[in-house]
Amino acid sequence: MTFELTPAAQRAFAAAAFWCGPGGADGVAPPELLLGLLSEEESRAAGMLAARGITAELVQNQWPGLRRLETPSPGRAGQFSADVEMSLFVAADRLGGFPRPLVFATEHILLGLVAAENDLSAWLVQRGFSADVLEFEIHRLYGYESGRNVWEESETGGRGGVRPPVEQQTVVGERSGVSPPVEHELKGGDASAERGARSAEPIKDFPSSLLRILDAEANRAREGLRVVEDYVRFALDDRHLTNELKQLRHALTSTLARLPPAELLAARDTQADVGCELTTASECARPDLASVIPANFKRLEESLRSLEEFGKVIDPELGTGLKRLRYRGYTLERAVETTRNGTERLAGVRFYVLVDGRSSLAEFEALVPALVAAGVGAIQLRDKRLADRELLARARRLRELTSSTKTLFIMNDRPDLAALAGADGVHVGQDELTVHDARAIVGPGMLIGVSTHSLAQARAAVLDGASYLGVGPTFESRTKPFDPEQLTGLDLLRAVAAEIRLPAFAIGGIGDNNLRDVLSTGFTRVAVGGAIALAADPAAAARELLRQLAG
């Protein structure tokens with residue numbers, strides 16, 4: 001997806017990139033963007049914020065984890081977080097009648113931040129903002145009445161067929177006037193499906209049967225998506241996936257805005273619908289809460305497919321947009337099911353120990369049973385020294401020693417050896433094989449863990465299909481050296497715990513001296529290496545950490 005920004009909006013985003021919140025997300029997040037808008041003191045957004053007493057100091061007090069960077073990291077410059085991307089989609093949706101492509105000024109960005117339904121928007125509403133009032137004010141400023149464009153049509157038409165009068169061009173360009181916009185590419189965006197609602201033109205020459213199909217399937221798609229979103233929000237309590245589903249819902253609303261609601265309602269005839277009374281036994285009962293989800297994902301996907309096919313009759317671009325939304329639905333179905341399945345499979349695993357092959361096979365064979373007997377939930381074999389044949393031999397022996405126990409065997413880095421040894425799972429890092437490639441080697445049933453070092457990486461791993469996350473490094477490690485700037489600390493743990501329900505293990509320098517601090521972040525699972533491997537009595541050290549976890 002490409003968004004275009006006025007010069008003032010560009011400067012606001014550039015200023016926002018100097019701020020970083022808990023977790024160090026790769027893209028600019030809403031509180032950071034709000035600080036960027038406040039820094040552009042002569043902009044309309046800054047004036048609107050100042051009128052309600054909102055200052056940079058107030059924002060920093062509300063989000064104390066914010067810190068200013070000396071220079072923005074390369075991963076943040078010009079990048080938007082998923083929440084900011086969602087805010088821009090919401091603003092585009094509310095300004096659907098504006099000429100396309102929409103050039104975002106600071107007041108448009110502020111509208112998105114107020115209307116996007118997240119922690120920042122709730123805070124802005126508490127401080128006196130109303131999305132509806134702000135939207136009305138923006139329409140008035142740009143020469144609209146109740147959302148209807150009253151700019152005169154240009155002689156040449158131009159992009160969007162309309163242009164602001166000359167005297168209003170400084171509104172679009174703010175202080176600098178109108179200048180060529182700068183494009184910002186967003187990951188995973190969809191230019192056709194999510195460009196915002198456009199004014200739908202009446203459908204006059206199509207049969208009512210076609211309109212009835214489109215009306216019924218649009219309703220089914222929205223209903224199925226809402227059911228799934230409610231489950232993820234209230235049953236899984238997963239903020240990240242709830243936000244992803246909400247983005248899909250907004251994108252669906254924008255895409256379906258191409259259809260005229262008046263004509264669809266006029267064609268609706270439920271009394272004469274032969275399908276209203278048809279049902280099957282499977283529709284009348286659900287064995288448990290989780291069974292509701294696949295049924296409603298299928299309802300969503302089937303409806304999108306039907307909308308796509310019949311929508312092509314009216315507008316080929318409509319069909320293309322719906323196809324892309326369908327594939328986003330497939331990705332989210334996997335993410336929701338993987339989160340549910342991972343939570344179930346790892347329900348009893350809170351303590352995860354990393355071991356190497358030890359100095360000899362005999363020493364290895366003494367260590368593993370002791371850890372299993374202590375109650376360790378998972379053991380990862382991680383050894384960069386051993387040759388492949390020797391490492392595989394250790395892996396196969398680890399499989400034998402854990403096969404009749406509740407302790408899982410995870411292979412580090414090597415999906416090929418994990419498959420050969422019959423491991424329960426494989427763990428990969430950011431520079432190793434992707435989840436997709438690892439899955440191609442180990443098959444559908446094996447757990448795949450992913451190391452993550454930022455909130456953005458954790459979010460991406462969920463959508464990639466990871467079975468669990470390793471989050472860190474939290475503290476300095478005694479077994480693996482890290483530069484000080486690589487340490488993610490407790491802030492990242494808090495950020496991940498606040499929004500992701502996929503099983504996640506805090507890792508990096510964790511021991512009995514700091515475990516309580518880790519647990520205070522909301523994390524309930526830890527992965528430990530040095531605290532066990534370097535202990536005089538590894539089994540006793542494991543039992544002590546397990547005792548603290550249980551307490």
# chains A, B, ... in the order shown; residues from 1 in each chain; ligands from 1
$ select_by_dssp --residues "range 43-132 of chain A" --states "alpha helix (DSSP H)" --output "PDB file with C-alpha atoms, in the first residue's frame"
ATOM      1  CA  ARG A  44      -3.338  22.138  11.903  1.00  0.00           C
ATOM      2  CA  ALA A  45      -2.974  18.924  13.926  1.00  0.00           C
ATOM      3  CA  ALA A  46      -0.666  20.613  16.454  1.00  0.00           C
ATOM      4  CA  GLY A  47      -3.166  23.460  16.798  1.00  0.00           C
ATOM      5  CA  MET A  48      -6.040  21.039  17.361  1.00  0.00           C
ATOM      6  CA  LEU A  49      -4.032  19.164  19.973  1.00  0.00           C
ATOM      7  CA  ALA A  50      -2.952  22.347  21.729  1.00  0.00           C
ATOM      8  CA  ALA A  51      -6.575  23.529  21.876  1.00  0.00           C
ATOM      9  CA  ALA A  56       4.486  16.397  24.404  1.00  0.00           C
ATOM     10  CA  GLU A  57       5.052  16.228  28.163  1.00  0.00           C
ATOM     11  CA  LEU A  58       1.514  14.947  28.688  1.00  0.00           C
ATOM     12  CA  VAL A  59       2.013  12.217  26.065  1.00  0.00           C
ATOM     13  CA  GLN A  60       5.309  11.156  27.641  1.00  0.00           C
ATOM     14  CA  ASN A  61       3.676  10.973  31.060  1.00  0.00           C
ATOM     15  CA  GLN A  62       0.897   8.797  29.649  1.00  0.00           C
ATOM     16  CA  ALA A  82       0.520  -1.911  11.981  1.00  0.00           C
ATOM     17  CA  ASP A  83      -1.433   0.403  14.327  1.00  0.00           C
ATOM     18  CA  VAL A  84      -0.423   3.523  12.397  1.00  0.00           C
ATOM     19  CA  GLU A  85      -1.165   1.785   9.106  1.00  0.00           C
ATOM     20  CA  MET A  86      -4.599   0.964  10.480  1.00  0.00           C
ATOM     21  CA  SER A  87      -5.101   4.609  11.496  1.00  0.00           C
ATOM     22  CA  LEU A  88      -4.346   5.754   7.944  1.00  0.00           C
ATOM     23  CA  PHE A  89      -6.784   3.205   6.535  1.00  0.00           C
ATOM     24  CA  VAL A  90      -9.482   4.444   8.911  1.00  0.00           C
ATOM     25  CA  ALA A  91      -8.812   8.071   7.938  1.00  0.00           C
ATOM     26  CA  ALA A  92      -8.951   7.178   4.233  1.00  0.00           C
ATOM     27  CA  ASP A  93     -12.233   5.370   4.846  1.00  0.00           C
ATOM     28  CA  ARG A  94     -13.774   8.382   6.601  1.00  0.00           C
ATOM     29  CA  THR A 106      -1.446  16.355   9.534  1.00  0.00           C
ATOM     30  CA  GLU A 107      -5.160  16.813  10.341  1.00  0.00           C
ATOM     31  CA  HIS A 108      -5.996  13.681   8.290  1.00  0.00           C
ATOM     32  CA  ILE A 109      -3.421  11.725  10.301  1.00  0.00           C
ATOM     33  CA  LEU A 110      -4.871  13.057  13.559  1.00  0.00           C
ATOM     34  CA  LEU A 111      -8.344  11.951  12.422  1.00  0.00           C
ATOM     35  CA  GLY A 112      -7.025   8.424  11.910  1.00  0.00           C
ATOM     36  CA  LEU A 113      -5.368   8.394  15.338  1.00  0.00           C
ATOM     37  CA  VAL A 114      -8.626   9.482  16.996  1.00  0.00           C
ATOM     38  CA  ALA A 115     -10.864   7.055  15.072  1.00  0.00           C
ATOM     39  CA  ASP A 119      -5.303   2.814  23.466  1.00  0.00           C
ATOM     40  CA  LEU A 120      -4.181   6.112  21.977  1.00  0.00           C
ATOM     41  CA  SER A 121      -7.566   6.845  20.396  1.00  0.00           C
ATOM     42  CA  ALA A 122      -9.323   6.078  23.704  1.00  0.00           C
ATOM     43  CA  TRP A 123      -6.990   8.519  25.459  1.00  0.00           C
ATOM     44  CA  LEU A 124      -7.594  11.217  22.833  1.00  0.00           C
ATOM     45  CA  VAL A 125     -11.351  10.786  23.234  1.00  0.00           C
ATOM     46  CA  GLN A 126     -10.947  11.198  26.994  1.00  0.00           C
ATOM     47  CA  ALA A 131     -13.804  11.360  15.454  1.00  0.00           C
ATOM     48  CA  ASP A 132     -17.157  12.415  13.994  1.00  0.00           C
TER      49      ASP A 132
END
$ residues_around --residues "Leu392 in chain A" --least-positions-apart "2" --cutoff "8 Å" --atoms "only C-alpha atoms" --output "NGL selection string"
:A and (388-390 or 394-396 or 417 or 420-421)
$ write_last_selection --atoms "C-alpha atoms" --output "compact mmCIF listing (two decimals), in the first residue's frame"
# COMPACT_ATOMS: atom_id res chain seq x y z
CA ASP A 388 26.71 -32.92 11.89
CA ARG A 389 27.01 -36.68 12.44
CA GLU A 390 27.83 -36.30 16.10
CA ARG A 394 23.09 -36.56 20.27
CA ALA A 395 19.70 -35.56 18.88
CA ARG A 396 18.62 -39.17 18.42
CA LEU A 417 18.26 -32.91 11.87
CA LEU A 420 15.80 -37.13 11.06
CA ALA A 421 15.79 -37.39 14.85
$ residues_around --residues "Ala29 in chain A" --least-positions-apart "3" --cutoff "10 Å" --atoms "only C-alpha atoms" --output "ChimeraX atom specification"
/A:16-17,19-21,24-26,32-34,76,79-85,120
$ write_last_selection --atoms "C-alpha atoms" --output "PDB file, in the first residue's frame"
ATOM      1  CA  ALA A  16       8.251  10.606  15.150  1.00  0.00           C
ATOM      2  CA  ALA A  17      11.035   8.246  14.016  1.00  0.00           C
ATOM      3  CA  TRP A  19      10.956   8.330  19.391  1.00  0.00           C
ATOM      4  CA  CYS A  20      10.816   4.684  20.401  1.00  0.00           C
ATOM      5  CA  GLY A  21       8.344   2.989  22.711  1.00  0.00           C
ATOM      6  CA  GLY A  24      11.359  -1.025  19.918  1.00  0.00           C
ATOM      7  CA  ALA A  25       8.864  -1.690  17.106  1.00  0.00           C
ATOM      8  CA  ASP A  26      10.407  -1.417  13.644  1.00  0.00           C
ATOM      9  CA  GLU A  32       5.372   8.335  18.663  1.00  0.00           C
ATOM     10  CA  LEU A  33       3.409   9.737  15.711  1.00  0.00           C
ATOM     11  CA  LEU A  34       1.423  11.938  18.098  1.00  0.00           C
ATOM     12  CA  ARG A  76      12.098   2.800  11.631  1.00  0.00           C
ATOM     13  CA  GLN A  79       8.084   2.799   8.179  1.00  0.00           C
ATOM     14  CA  PHE A  80       4.662   2.686   9.821  1.00  0.00           C
ATOM     15  CA  SER A  81       3.649   0.196  12.509  1.00  0.00           C
ATOM     16  CA  ALA A  82       0.520  -1.911  11.981  1.00  0.00           C
ATOM     17  CA  ASP A  83      -1.433   0.403  14.327  1.00  0.00           C
ATOM     18  CA  VAL A  84      -0.423   3.523  12.397  1.00  0.00           C
ATOM     19  CA  GLU A  85      -1.165   1.785   9.106  1.00  0.00           C
ATOM     20  CA  LEU A 120      -4.181   6.112  21.977  1.00  0.00           C
TER      21      LEU A 120
END
$ atom_distance --atom1 "CA of Ile54 in chain A" --atom2 "CA of Ala497 in chain A"
28.5 Å
$ closest_residue --among "A:Asp517, A:Asp273, A:Glu544, A:Glu333" --to "Phe475 in chain A" --atoms "only C-alpha atoms"
A:Asp517
$ residues_around --residues "Glu229 in chain A" --least-positions-apart "4" --cutoff "7 Å" --atoms "only C-alpha atoms" --output "PyMOL selection string"
chain A and resi 225+233+242+245
$ atom_distance --atom1 "CA of Thr255 in chain A" --atom2 "CA of Asp315 in chain A"
11.2 Å
$ atom_distance --atom1 "CA of Leu322 in chain A" --atom2 "CA of Thr338 in chain A"
24.3 Å
$ closest_residue --among "A:Thr402, A:Gln380, A:Ser467, A:Ser254" --to "Asn341 in chain A" --atoms "only C-alpha atoms"
A:Ser467
$ residues_around --residues "Arg543 in chain A" --least-positions-apart "2" --cutoff "9 Å" --atoms "only C-alpha atoms" --output "PyMOL selection string"
chain A and resi 371+374-376+538-541+545-548
$ write_last_selection --atoms "N, CA and C atoms" --output "JSON list (two decimals), in the first residue's frame"
[["chain", "number", "residue", "atom", "x", "y", "z"],
["A", 371, "LEU", "N", 17.30, -33.62, 34.13],
["A", 371, "LEU", "CA", 16.43, -32.47, 33.84],
["A", 371, "LEU", "C", 14.98, -32.92, 33.66],
["A", 374, "ALA", "N", 13.52, -33.53, 36.96],
["A", 374, "ALA", "CA", 13.27, -32.28, 37.68],
["A", 374, "ALA", "C", 11.97, -31.61, 37.25],
["A", 375, "GLY", "N", 11.43, -31.99, 36.08],
["A", 375, "GLY", "CA", 10.17, -31.43, 35.61],
["A", 375, "GLY", "C", 10.30, -30.41, 34.51],
["A", 376, "VAL", "N", 11.45, -30.36, 33.83],
["A", 376, "VAL", "CA", 11.63, -29.42, 32.71],
["A", 376, "VAL", "C", 10.65, -29.76, 31.59],
["A", 538, "PRO", "N", 22.87, -29.08, 37.86],
["A", 538, "PRO", "CA", 21.85, -28.59, 36.93],
["A", 538, "PRO", "C", 20.43, -28.97, 37.35],
["A", 539, "ALA", "N", 20.24, -30.18, 37.82],
["A", 539, "ALA", "CA", 18.90, -30.62, 38.20],
["A", 539, "ALA", "C", 18.37, -29.81, 39.39],
["A", 540, "ALA", "N", 19.22, -29.55, 40.37],
["A", 540, "ALA", "CA", 18.80, -28.76, 41.53],
["A", 540, "ALA", "C", 18.49, -27.32, 41.12],
["A", 541, "ALA", "N", 19.30, -26.76, 40.22],
["A", 541, "ALA", "CA", 19.04, -25.41, 39.73],
["A", 541, "ALA", "C", 17.71, -25.36, 38.98],
["A", 545, "LEU", "N", 14.30, -23.05, 40.00],
["A", 545, "LEU", "CA", 13.62, -22.12, 39.08],
["A", 545, "LEU", "C", 12.18, -22.53, 38.85],
["A", 546, "LEU", "N", 11.94, -23.83, 38.78],
["A", 546, "LEU", "CA", 10.56, -24.31, 38.63],
["A", 546, "LEU", "C", 9.73, -23.95, 39.86],
["A", 547, "ARG", "N", 10.35, -24.02, 41.03],
["A", 547, "ARG", "CA", 9.64, -23.63, 42.26],
["A", 547, "ARG", "C", 9.25, -22.16, 42.22],
["A", 548, "GLN", "N", 10.16, -21.31, 41.76],
["A", 548, "GLN", "CA", 9.85, -19.89, 41.66],
["A", 548, "GLN", "C", 8.77, -19.62, 40.61]]
$ closest_residue --among "A:Ala235, A:Ala533, A:Leu304, A:Leu95" --to "Ile213 in chain A" --atoms "only C-alpha atoms"
A:Leu304
$ residues_around --residues "Gly36 in chain A" --least-positions-apart "4" --cutoff "6 Å" --atoms "only C-alpha atoms" --output "list in words"
Ala12, Phe13, Ala15 and Ala16 of chain A
$ write_last_selection --atoms "N, CA and C atoms" --output "PDB file, in the first residue's frame"
ATOM      1  N   ALA A  12       6.455  15.492  10.241  1.00  0.00           N
ATOM      2  CA  ALA A  12       5.919  14.885  11.466  1.00  0.00           C
ATOM      3  C   ALA A  12       6.358  13.432  11.591  1.00  0.00           C
ATOM      4  N   PHE A  13       6.321  12.681  10.489  1.00  0.00           N
ATOM      5  CA  PHE A  13       6.759  11.290  10.527  1.00  0.00           C
ATOM      6  C   PHE A  13       8.264  11.206  10.778  1.00  0.00           C
ATOM      7  N   ALA A  15      10.042  13.321  12.482  1.00  0.00           N
ATOM      8  CA  ALA A  15      10.256  13.620  13.904  1.00  0.00           C
ATOM      9  C   ALA A  15       9.823  12.434  14.773  1.00  0.00           C
ATOM     10  N   ALA A  16       8.743  11.750  14.377  1.00  0.00           N
ATOM     11  CA  ALA A  16       8.251  10.606  15.150  1.00  0.00           C
ATOM     12  C   ALA A  16       9.261   9.469  15.172  1.00  0.00           C
TER      13      ALA A  16
END
$ residues_around --residues "Ile507 in chain A" --least-positions-apart "3" --cutoff "6 Å" --atoms "only C-alpha atoms" --output "PDB file with N, CA and C atoms, in the first residue's frame"
ATOM      1  N   VAL A 471      11.589 -14.635  23.127  1.00  0.00           N
ATOM      2  CA  VAL A 471      11.617 -13.165  23.148  1.00  0.00           C
ATOM      3  C   VAL A 471      12.808 -12.695  23.973  1.00  0.00           C
ATOM      4  N   GLY A 472      13.692 -11.935  23.366  1.00  0.00           N
ATOM      5  CA  GLY A 472      14.870 -11.449  24.074  1.00  0.00           C
ATOM      6  C   GLY A 472      15.957 -11.054  23.082  1.00  0.00           C
ATOM      7  N   PRO A 473      17.213 -10.960  23.511  1.00  0.00           N
ATOM      8  CA  PRO A 473      17.727 -11.314  24.834  1.00  0.00           C
ATOM      9  C   PRO A 473      17.371 -10.272  25.899  1.00  0.00           C
ATOM     10  N   ALA A 527      12.911 -19.430  29.027  1.00  0.00           N
ATOM     11  CA  ALA A 527      13.893 -20.348  28.445  1.00  0.00           C
ATOM     12  C   ALA A 527      15.244 -19.998  29.061  1.00  0.00           C
TER      13      ALA A 527
END
$ closest_residue --among "A:Val336, A:Ser208, A:Leu5, A:Ser130" --to "Glu244 in chain A" --atoms "only C-alpha atoms"
A:Val336
